[in-house]
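Next comes target_20.cif, a file with mmCIF, C-alpha atoms.
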data_run
loop_
_atom_site.label_atom_id
_atom_site.label_comp_id
_atom_site.auth_asym_id
_atom_site.auth_seq_id
_atom_site.Cartn_x
_atom_site.Cartn_y
_atom_site.Cartn_z
CA MET A 245 157.08 -19.24 150.80
CA GLN A 246 154.90 -20.07 153.77
CA ARG A 247 155.73 -23.69 153.19
CA PHE A 248 159.49 -23.03 153.58
CA ALA A 249 159.01 -21.02 156.73
CA THR A 250 156.94 -23.71 158.42
CA LYS A 251 159.31 -26.45 157.38
CA LEU A 252 162.27 -24.44 158.67
CA THR A 253 160.77 -23.73 162.05
CA ALA A 254 159.81 -27.35 162.52
CA SER A 255 163.21 -28.77 161.68
CA PHE A 256 165.07 -26.15 163.71
CA ALA A 257 162.92 -26.97 166.71
CA ALA A 258 163.77 -30.64 166.24
CA ALA A 259 167.49 -29.89 165.97
CA ALA A 260 167.35 -27.69 169.08
CA ILE A 261 165.95 -30.57 171.08
CA VAL A 262 168.74 -32.81 169.83
CA THR A 263 171.31 -30.20 170.87
CA ILE A 264 170.00 -30.04 174.40
CA ALA A 265 169.68 -33.80 174.66
CA MET A 266 173.33 -34.13 173.67
CA GLY A 267 174.31 -32.06 176.69
CA ALA A 268 175.44 -28.90 174.93
CA ASP A 269 175.67 -25.72 176.95
CA ALA A 270 172.01 -24.89 177.46
CA ASP A 271 172.53 -21.12 177.77
CA VAL A 272 174.53 -20.75 174.62
CA GLY A 273 172.35 -23.32 172.93
CA ASP A 274 169.38 -21.08 173.60
CA LYS A 275 171.14 -18.00 172.32
CA TYR A 276 172.14 -19.52 169.01
CA GLY A 277 169.35 -22.08 168.74
CA ALA A 278 169.95 -24.76 166.14
CA TYR A 279 172.73 -22.66 164.57
CA LYS A 280 175.11 -24.15 167.12
CA VAL A 281 175.77 -27.84 167.69
CA GLU A 282 178.28 -28.69 170.42
CA ASP A 283 181.23 -26.37 169.66
CA ARG A 284 180.28 -25.95 166.03
CA ARG A 285 178.69 -22.64 165.08
CA SER A 286 177.22 -21.53 161.81
CA GLY A 287 178.47 -18.29 160.25
CA PHE A 288 174.95 -17.08 161.03
CA THR A 289 175.88 -16.75 164.71
CA TYR A 290 178.74 -14.36 163.86
CA ALA A 291 176.67 -12.23 161.48
CA THR A 292 175.08 -8.92 162.46
CA LYS A 293 171.45 -8.89 163.62
CA GLU A 294 170.55 -7.07 160.41
CA THR A 295 172.17 -9.71 158.18
CA GLN A 296 170.48 -12.46 160.20
CA ARG A 297 167.14 -10.76 159.81
CA ILE A 298 167.52 -10.52 156.01
CA GLN A 299 168.43 -14.21 155.82
CA VAL A 300 165.51 -15.60 157.79
CA ASP A 301 162.84 -13.48 156.12
CA ASP A 302 162.08 -15.23 152.83
CA PHE A 303 160.55 -12.06 151.43
CA GLU A 304 163.70 -10.05 152.14
CA ASN A 305 166.33 -12.67 151.45
CA PRO A 306 167.66 -11.59 148.04
CA ALA A 307 168.72 -15.15 147.24
CA MET A 308 165.14 -16.43 147.25
CA ILE A 309 164.93 -15.23 143.64
CA TRP A 310 167.61 -17.80 142.86
CA VAL A 311 165.44 -20.50 144.40
CA ASP A 312 162.59 -19.44 142.09
CA ASP A 313 164.92 -19.42 139.06
CA GLY A 314 166.12 -22.89 140.03
CA GLU A 315 162.57 -24.13 140.23
CA ALA A 316 161.82 -22.85 136.72
CA LEU A 317 164.94 -24.58 135.37
CA TRP A 318 163.97 -27.78 137.20
CA ASN A 319 160.86 -28.04 135.04
CA LYS A 320 162.46 -27.01 131.75
CA ALA A 321 163.14 -29.78 129.20
CA GLU A 322 166.55 -29.50 127.57
CA GLY A 323 169.07 -31.50 125.55
CA GLU A 324 168.72 -34.23 122.95
CA ALA A 325 166.75 -36.38 125.38
CA SER A 326 164.19 -33.56 125.76
CA LYS A 327 163.99 -34.18 129.47
CA SER A 328 163.80 -31.90 132.46
CA CYS A 329 165.06 -32.68 135.93
CA ALA A 330 161.41 -33.16 136.88
CA SER A 331 160.98 -35.87 134.19
CA CYS A 332 163.05 -38.18 136.33
CA HIS A 333 163.08 -36.66 139.81
CA ASN A 334 159.49 -35.36 139.94
CA ASP A 335 158.89 -33.15 142.96
CA ALA A 336 162.19 -31.77 144.22
CA ALA A 337 160.72 -31.24 147.70
CA GLU A 338 160.58 -35.05 147.94
CA SER A 339 163.41 -36.30 145.74
CA MET A 340 166.06 -33.70 146.67
CA LYS A 341 165.28 -33.62 150.37
CA GLY A 342 168.44 -34.47 152.32
CA VAL A 343 170.76 -34.30 149.29
CA ALA A 344 172.67 -31.26 150.61
CA THR A 345 173.37 -33.03 153.91
CA VAL A 346 175.31 -35.91 152.30
CA PHE A 347 177.24 -34.17 149.50
CA PRO A 348 180.12 -34.26 148.53
CA LYS A 349 179.54 -37.96 147.96
CA TYR A 350 181.77 -40.71 146.56
CA ASP A 351 181.14 -41.56 142.91
CA PRO A 352 182.33 -45.07 142.04
CA LYS A 353 182.36 -44.31 138.31
CA LEU A 354 184.55 -41.24 138.72
CA GLY A 355 186.60 -42.91 141.45
CA ARG A 356 186.45 -39.68 143.44
CA MET A 357 184.16 -37.27 145.26
CA LYS A 358 181.45 -35.26 143.52
CA ASN A 359 179.67 -32.21 144.86
CA VAL A 360 176.13 -31.13 143.99
CA GLU A 361 177.32 -28.99 141.07
CA LYS A 362 179.19 -31.97 139.61
CA GLN A 363 176.12 -34.21 140.05
CA ILE A 364 173.95 -31.68 138.24
CA ASN A 365 176.33 -31.65 135.28
CA ILE A 366 176.50 -35.46 135.29
CA CYS A 367 172.71 -35.55 134.99
CA ARG A 368 172.74 -32.90 132.29
CA THR A 369 175.37 -34.55 130.11
CA GLU A 370 174.61 -38.22 130.69
CA ARG A 371 170.87 -38.28 131.32
CA MET A 372 169.60 -35.26 129.40
CA LYS A 373 172.26 -35.18 126.67
CA ALA A 374 172.50 -31.46 127.33
CA LYS A 375 175.54 -29.22 127.62
CA PRO A 376 177.07 -28.95 131.09
CA TRP A 377 176.53 -25.63 132.83
CA LYS A 378 179.56 -23.47 133.53
CA LEU A 379 180.37 -23.33 137.23
CA GLU A 380 179.37 -19.96 138.69
CA SER A 381 176.91 -19.37 135.79
CA ASN A 382 173.49 -18.09 136.83
CA GLU A 383 171.92 -21.42 135.84
CA MET A 384 174.34 -23.56 137.84
CA LEU A 385 174.07 -21.35 140.91
CA ALA A 386 170.27 -21.23 140.75
CA MET A 387 169.97 -25.01 140.39
CA THR A 388 172.50 -25.66 143.17
CA VAL A 389 170.65 -23.25 145.44
CA TYR A 390 167.34 -24.90 144.53
CA VAL A 391 168.59 -28.46 145.14
CA ARG A 392 170.33 -27.61 148.43
CA HIS A 393 167.41 -25.51 149.60
CA GLN A 394 165.25 -28.65 149.71
CA SER A 395 167.30 -29.72 152.77
CA ARG A 396 166.95 -26.42 154.64
CA GLY A 397 166.98 -27.06 158.38
CA MET A 398 168.29 -30.61 158.07
CA PRO A 399 171.60 -31.46 159.81
CA MET A 400 174.76 -31.79 157.71
CA ASN A 401 175.91 -35.38 157.73
CA VAL A 402 178.58 -36.32 155.16
CA LYS A 403 180.12 -39.78 155.12
CA VAL A 404 183.86 -39.71 155.73
CA ASP A 405 184.86 -43.33 156.29
CA GLY A 406 185.30 -46.40 154.07
CA GLU A 407 186.13 -45.54 150.46
CA VAL A 408 185.77 -41.85 151.32
CA ALA A 409 188.57 -41.86 153.92
CA PRO A 410 191.49 -40.97 151.60
CA PHE A 411 189.58 -37.99 150.14
CA PHE A 412 188.68 -36.83 153.62
CA GLU A 413 192.33 -37.04 154.64
CA ALA A 414 193.36 -35.04 151.55
CA GLY A 415 190.81 -32.34 152.44
CA LYS A 416 192.03 -32.22 156.02
CA LYS A 417 195.63 -31.91 154.88
CA PHE A 418 194.69 -29.02 152.60
CA TYR A 419 192.92 -27.35 155.52
CA TYR A 420 195.97 -27.32 157.75
CA GLN A 421 198.58 -26.56 155.07
CA ARG A 422 200.15 -23.13 155.33
CA ARG A 423 200.09 -21.39 151.95
CA GLY A 424 200.76 -18.13 150.13
CA GLN A 425 203.07 -15.28 151.06
CA LEU A 426 201.14 -14.72 154.31
CA ASP A 427 201.88 -18.39 155.01
CA LEU A 428 198.52 -19.15 156.63
CA ALA A 429 196.37 -22.27 156.75
CA CYS A 430 192.56 -22.22 156.89
CA GLY A 431 192.83 -23.38 160.48
CA HIS A 432 194.78 -20.32 161.63
CA CYS A 433 191.75 -18.16 160.96
CA HIS A 434 188.78 -20.52 161.26
CA VAL A 435 189.92 -22.95 164.00
CA ASP A 436 192.28 -20.85 166.16
CA ASN A 437 190.48 -17.50 165.93
CA PRO A 438 186.72 -17.69 165.32
CA GLY A 439 185.05 -14.73 167.00
CA GLY A 440 188.27 -12.74 166.64
CA GLN A 441 188.26 -9.40 164.92
CA MET A 442 190.56 -9.15 161.89
CA ARG A 443 190.53 -5.49 160.96
CA ALA A 444 186.83 -4.93 160.02
CA ASN A 445 185.92 -8.64 159.84
CA ILE A 446 184.68 -10.94 162.56
CA LEU A 447 186.14 -14.35 161.81
CA SER A 448 183.73 -17.27 161.85
CA GLN A 449 184.43 -20.98 161.82
CA GLY A 450 184.25 -20.90 158.01
CA GLN A 451 181.33 -23.31 157.81
CA SER A 452 179.71 -24.33 154.52
CA ASN A 453 176.13 -25.06 155.60
CA GLY A 454 174.72 -21.91 153.97
CA PHE A 455 176.19 -22.31 150.48
CA PRO A 456 175.64 -21.18 147.78
CA THR A 457 175.51 -18.01 149.83
CA TYR A 458 174.30 -14.53 148.98
CA ARG A 459 177.17 -12.21 149.83
CA LEU A 460 176.30 -8.59 150.33
CA LYS A 461 179.82 -7.81 149.12
CA TRP A 462 179.31 -9.78 145.88
CA GLN A 463 175.72 -8.56 145.48
CA ARG A 464 174.94 -12.05 144.23
CA VAL A 465 175.00 -15.69 145.11
CA GLY A 466 178.36 -17.47 145.05
CA SER A 467 179.52 -21.06 145.38
CA ILE A 468 181.61 -22.55 148.15
CA HIS A 469 184.51 -22.97 145.70
CA ARG A 470 184.38 -19.27 144.90
CA ARG A 471 184.72 -18.61 148.61
CA PHE A 472 187.70 -21.02 148.81
CA ARG A 473 189.35 -19.11 145.97
CA GLY A 474 188.85 -15.84 147.84
CA CYS A 475 190.29 -17.25 151.05
CA ASN A 476 193.31 -18.59 149.12
CA LYS A 477 193.95 -15.35 147.24
CA GLN A 478 193.76 -13.16 150.34
CA VAL A 479 196.80 -14.97 151.76
CA ARG A 480 198.49 -14.45 148.37
CA ALA A 481 198.30 -18.12 147.40
CA ILE A 482 197.52 -19.53 143.96
CA PRO A 483 193.88 -20.65 144.10
CA TYR A 484 192.65 -23.89 142.55
CA LYS A 485 189.97 -24.02 139.88
CA ALA A 486 186.35 -24.15 140.98
CA GLY A 487 185.25 -27.76 140.59
CA SER A 488 188.80 -29.10 141.06
CA GLU A 489 189.37 -32.34 142.91
CA GLU A 490 191.40 -30.43 145.53
CA TYR A 491 188.51 -28.10 146.36
CA THR A 492 185.99 -30.93 146.30
CA ASN A 493 188.01 -32.81 148.93
CA LEU A 494 188.33 -29.58 150.91
CA GLU A 495 184.57 -29.09 150.61
CA LEU A 496 184.10 -32.56 152.11
CA TYR A 497 186.36 -31.77 155.05
CA VAL A 498 184.64 -28.42 155.66
CA ALA A 499 181.21 -30.10 155.48
CA TRP A 500 182.39 -32.60 158.12
CA ARG A 501 183.58 -29.75 160.36
CA GLY A 502 179.99 -28.51 160.27
CA ARG A 503 178.36 -31.89 160.95
CA GLY A 504 175.03 -31.43 162.65
CA LEU A 505 174.66 -27.78 161.61
CA PRO A 506 171.44 -27.08 159.72
CA VAL A 507 171.55 -26.50 155.96
CA GLU A 508 170.73 -22.80 155.55
CA THR A 509 170.85 -22.46 151.78
CA PRO A 510 170.51 -19.75 150.71
CA ALA A 511 172.34 -18.00 153.58
CA VAL A 512 173.14 -14.29 153.60
CA ARG A 513 176.58 -13.11 154.68
CA ASN A 514 178.72 -9.97 154.54
CA MET P 148 202.71 -20.85 173.53
CA LYS P 149 204.15 -24.04 174.97
CA SER P 150 206.28 -24.36 171.85
CA LYS P 151 207.49 -20.82 172.42
CA ALA P 152 208.99 -21.82 175.75
CA LEU P 153 210.48 -24.95 174.22
CA MET P 154 212.06 -23.06 171.36
CA LEU P 155 213.54 -20.49 173.70
CA LEU P 156 215.02 -23.28 175.77
CA ALA P 157 216.49 -25.09 172.80
CA PHE P 158 217.94 -21.94 171.27
CA GLY P 159 219.18 -20.61 174.58
CA ALA P 160 220.95 -23.82 175.57
CA VAL P 161 223.22 -23.90 172.55
CA ALA P 162 223.35 -20.11 172.25
CA MET P 163 222.71 -20.66 168.60
CA PHE P 164 223.16 -18.06 165.95
CA VAL P 165 220.74 -18.53 163.11
CA ALA P 166 221.78 -16.85 159.94
CA GLY P 167 218.84 -16.17 157.68
CA PRO P 168 219.76 -14.84 154.28
CA ALA P 169 216.86 -12.96 152.75
CA TRP P 170 216.06 -10.88 149.73
CA ALA P 171 214.90 -7.36 150.18
CA GLY P 172 211.23 -7.31 149.28
CA ASP P 173 211.48 -4.83 146.43
CA LYS P 174 210.40 -5.11 142.83
CA LYS P 175 213.78 -6.22 141.61
CA MET P 176 215.81 -8.90 143.30
CA MET P 177 218.37 -7.31 145.55
CA LYS P 178 221.33 -8.63 147.43
CA PRO P 179 220.26 -11.01 150.19
CA VAL P 180 220.42 -9.39 153.60
CA ASN P 181 221.82 -11.59 156.33
CA TYR P 182 220.53 -11.31 159.83
CA LYS P 183 221.46 -13.07 163.05
CA VAL P 184 219.02 -14.36 165.63
CA VAL P 185 220.91 -14.06 168.92
CA ASP P 186 220.13 -16.46 171.77
CA GLY P 187 216.97 -17.46 169.93
CA TYR P 188 214.94 -14.39 170.91
CA LYS P 189 216.33 -11.23 169.35
CA ILE P 190 217.93 -9.67 166.27
CA PRO P 191 219.92 -6.81 167.81
CA GLN P 192 221.50 -5.63 164.57
CA SER P 193 219.70 -3.45 162.04
CA LEU P 194 219.02 -5.22 158.72
CA THR P 195 220.27 -2.22 156.75
CA GLY P 196 222.50 -0.17 159.02
CA LYS P 197 220.32 2.78 158.08
CA PRO P 198 218.04 4.20 160.80
CA GLY P 199 214.34 3.45 160.39
CA ASP P 200 211.79 6.19 159.81
CA ALA P 201 209.04 5.91 162.46
CA GLU P 202 206.61 8.06 160.47
CA ARG P 203 206.94 5.76 157.47
CA GLY P 204 206.66 2.76 159.80
CA ARG P 205 203.31 4.02 161.06
CA LYS P 206 202.02 4.27 157.47
CA LEU P 207 203.25 0.75 156.71
CA ALA P 208 201.43 -0.57 159.79
CA ILE P 209 198.17 0.82 158.35
CA ASN P 210 198.74 -0.15 154.70
CA ARG P 211 196.77 -3.29 153.86
CA LYS P 212 199.24 -4.27 151.15
CA LYS P 213 202.26 -3.88 153.42
CA GLY P 214 202.45 -4.36 157.20
CA ASN P 215 198.71 -4.33 157.81
CA CYS P 216 199.55 -4.74 161.49
CA LEU P 217 196.11 -3.23 162.19
CA ALA P 218 194.54 -6.42 160.83
CA CYS P 219 195.44 -8.12 164.11
CA HIS P 220 196.65 -5.48 166.57
CA ILE P 221 195.34 -2.41 168.35
CA LEU P 222 197.70 0.53 167.77
CA PRO P 223 197.51 4.21 168.77
CA ILE P 224 196.18 5.16 165.32
CA PRO P 225 192.82 6.78 166.12
CA GLU P 226 192.05 7.93 162.57
CA GLN P 227 191.71 4.29 161.45
CA PRO P 228 188.27 2.90 162.35
CA PHE P 229 189.06 -0.81 162.52
CA HIS P 230 191.77 -2.35 164.68
CA GLY P 231 192.04 -6.13 164.87
CA LYS P 232 192.09 -8.04 168.13
CA ILE P 233 193.80 -11.27 167.09
CA GLY P 234 197.15 -10.42 168.71
CA PRO P 235 198.12 -8.36 171.79
CA ASN P 236 197.48 -4.62 172.02
CA LEU P 237 200.71 -2.90 170.92
CA ASN P 238 200.07 0.50 172.46
CA GLN P 239 202.96 0.07 174.91
CA VAL P 240 204.99 -2.60 173.19
CA ALA P 241 208.32 -0.75 173.59
CA GLU P 242 208.00 -1.02 177.35
CA ARG P 243 207.87 -4.79 177.13
CA TYR P 244 210.47 -5.50 174.47
CA SER P 245 213.87 -4.32 173.37
CA GLU P 246 214.62 -3.23 169.80
CA GLY P 247 216.14 -6.63 168.98
CA GLU P 248 213.14 -8.50 170.35
CA ILE P 249 210.75 -6.39 168.30
CA ARG P 250 212.86 -6.86 165.17
CA LEU P 251 212.74 -10.65 165.48
CA ARG P 252 208.94 -10.49 165.97
CA VAL P 253 208.55 -8.60 162.71
CA VAL P 254 211.17 -10.52 160.71
CA ASP P 255 210.17 -14.05 161.69
CA PRO P 256 207.86 -14.59 164.70
CA LYS P 257 207.82 -18.32 163.89
CA VAL P 258 211.23 -18.59 165.57
CA LEU P 259 209.38 -17.95 168.85
CA ASN P 260 206.10 -19.66 168.01
CA PRO P 261 206.09 -22.02 165.02
CA ASP P 262 202.27 -22.18 165.03
CA THR P 263 201.64 -18.44 165.07
CA ILE P 264 199.11 -16.72 162.80
CA MET P 265 201.40 -13.68 162.58
CA PRO P 266 203.21 -13.65 159.22
CA SER P 267 206.99 -13.57 158.91
CA PHE P 268 207.44 -10.20 157.25
CA TYR P 269 211.02 -10.79 156.16
CA LYS P 270 210.87 -14.31 154.77
CA TYR P 271 211.43 -14.75 151.05
CA ASP P 272 211.15 -18.44 150.26
CA GLY P 273 209.80 -21.78 151.41
CA PHE P 274 206.21 -20.77 150.66
CA HIS P 275 203.55 -23.18 149.38
CA ARG P 276 201.75 -22.06 146.18
CA ILE P 277 202.69 -18.41 146.49
CA LEU P 278 201.16 -16.17 143.78
CA LYS P 279 203.64 -15.55 140.94
CA LYS P 280 203.91 -11.83 141.50
CA PHE P 281 205.14 -12.36 145.07
CA GLU P 282 207.63 -15.11 144.27
CA GLY P 283 211.08 -14.59 145.73
CA LYS P 284 209.86 -11.58 147.70
CA SER P 285 209.28 -10.83 151.33
CA ILE P 286 206.18 -8.93 152.48
CA LEU P 287 208.34 -6.04 153.68
CA SER P 288 211.72 -4.91 152.41
CA ALA P 289 214.64 -4.73 154.84
CA GLN P 290 214.29 -0.96 155.15
CA GLU P 291 210.53 -1.24 155.69
CA VAL P 292 211.21 -3.65 158.57
CA GLU P 293 213.51 -1.03 160.06
CA ASP P 294 210.84 1.66 159.62
CA ILE P 295 208.30 -0.47 161.47
CA VAL P 296 210.77 -1.29 164.24
CA ALA P 297 211.47 2.44 164.62
CA TYR P 298 207.72 3.08 164.88
CA MET P 299 207.25 0.29 167.45
CA LEU P 300 210.01 1.83 169.58
CA THR P 301 207.94 5.02 169.90
CA LEU P 302 205.07 3.05 171.51
CA LYS P 303 205.55 3.52 175.24
#

Go ahead and render the structure in this file as structure tokens.
Amino acid sequence: MQRFATKLTASFAAAAIVTIAMGADADVGDKYGAYKVEDRRSGFTYATKETQRIQVDDFENPAMIWVDDGEALWNKAEGEASKSCASCHNDAAESMKGVATVFPKYDPKLGRMKNVEKQINICRTERMKAKPWKLESNEMLAMTVYVRHQSRGMPMNVKVDGEVAPFFEAGKKFYYQRRGQLDLACGHCHVDNPGGQMRANILSQGQSNGFPTYRLKWQRVGSIHRRFRGCNKQVRAIPYKAGSEEYTNLELYVAWRGRGLPVETPAVRN
Amino acid sequence: MKSKALMLLAFGAVAMFVAGPAWAGDKKMMKPVNYKVVDGYKIPQSLTGKPGDAERGRKLAINRKKGNCLACHILPIPEQPFHGKIGPNLNQVAERYSEGEIRLRVVDPKVLNPDTIMPSFYKYDGFHRILKKFEGKSILSAQEVEDIVAYMLTLK
């Protein structure tokens, strides 16, 4: 635990220096620290002091149990190949460092984008000859949290050009498409009105840097695609399946919106 | 907001009458109710010809499954703890707008501002990926629109 805390402080300090060097508003930069980069703000900066406090204290953050579960699974041999993740990737602190900052990533074999969950199941089925984990299962969430956690404090930095460009454009189009009976696009809430109060909620920029996130409302950890489904259903729109190509492209676009923000996994939110 | 001015100009210049047929937002499909947008900024005529009930309108403004106006607006409803601040405070809205102007803002505010976050409460089709159970329905029925308009007219 101490290790995480030290690592976090160090990388946040580094990111803060970058923010100031890039000429961001020094006052606001101070207030939000590394949780704000230019005009991009993590959901952390819109959360209550109490929620923030729970997130940053590894002993109080209820999602840290998921990190521990992920670590146990990392070392567990499974499948016909009798291999664990560690058999090939050794120490996750080394091999998985930075992974969360560059996913979703283009997969030439699939011919489309893959997120971390998809990559985990590729490794399970193709490398371990094990069954894929169900999305939103405890195992998949714990492993995704564990893998992404290894990048905590590092700036989000997905690639969006070259062969990725068409998927990025598809995600962007999704983001600005009005949908459902309330006829709203993501941008109406998260681009036009962050900081605004919508009944009891304070709208944030809808950033993804903390996912999988522990939601106090869910009383558990949930994936970014689960959140997308919730945001689709609340405007009375048909959601897509978790793991769908549509949501993976959307995840890419949302990750790009948060470029430079520190990975917070596992974040805590209302 | 710039588009609001543009739209007003365009509509005003040709003194256009937009006829918008719509289905009443009830369980069963009902006869479409026609309404006329006059001069691009108001719907002077009642959708139903039946007077609205302001008391019911107030309840609909609170109800999260119906108007949920409180999601975005402050209203003189002190017993409700959370009032949104996305749109203007409506405490004195009847002093700013006529009945017809308020009706258009509830029926289809996109006529005035195509980019608005405020939903069109009396729009029944043209939605993208609407959930099955809401297909062919508007958020509010024609009479519910009238109830809300009646409630808004008490706010002065």

- Which residues come within 7 Å of Ile221 of chain P, counting only C-alpha atoms, excluding same-chain residues fewer than 5 positions away, as a list in words?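 Those residues are His230, Gly231, Lys232, Asn236, Leu237 and Asn238 of chain P.
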
- Message: When the PyMOL selection byres ((chain P) within 7 of (chain A)) is applied to the structure above, which residues does it catch, written out as a PyMOL selection string?
- Response: chain P and resi 217-219+229-233+264+266+274-278+281

- Item | Nearest residue to Pro399 of chain A from the set A:Glu508, A:Glu315, A:Glu490, A:Glu282 (distances using all atoms listed in the file) |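 Using all atoms listed in the file, the shortest distance to Pro399 of chain A belongs to A:Glu508.
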
- Item | Shell of 12 Å around Glu242 of chain P, all atoms listed in the file, local chain residues under 6 positions omitted, as a VMD selection string | chain P and resid 248 to 249 299 to 303

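With all atoms listed in the file as the atoms that count, the residue of P:Gly199, P:Pro256, P:Lys206, P:Ala241 with the shortest distance to Glu226 of chain P is P:Lys206.
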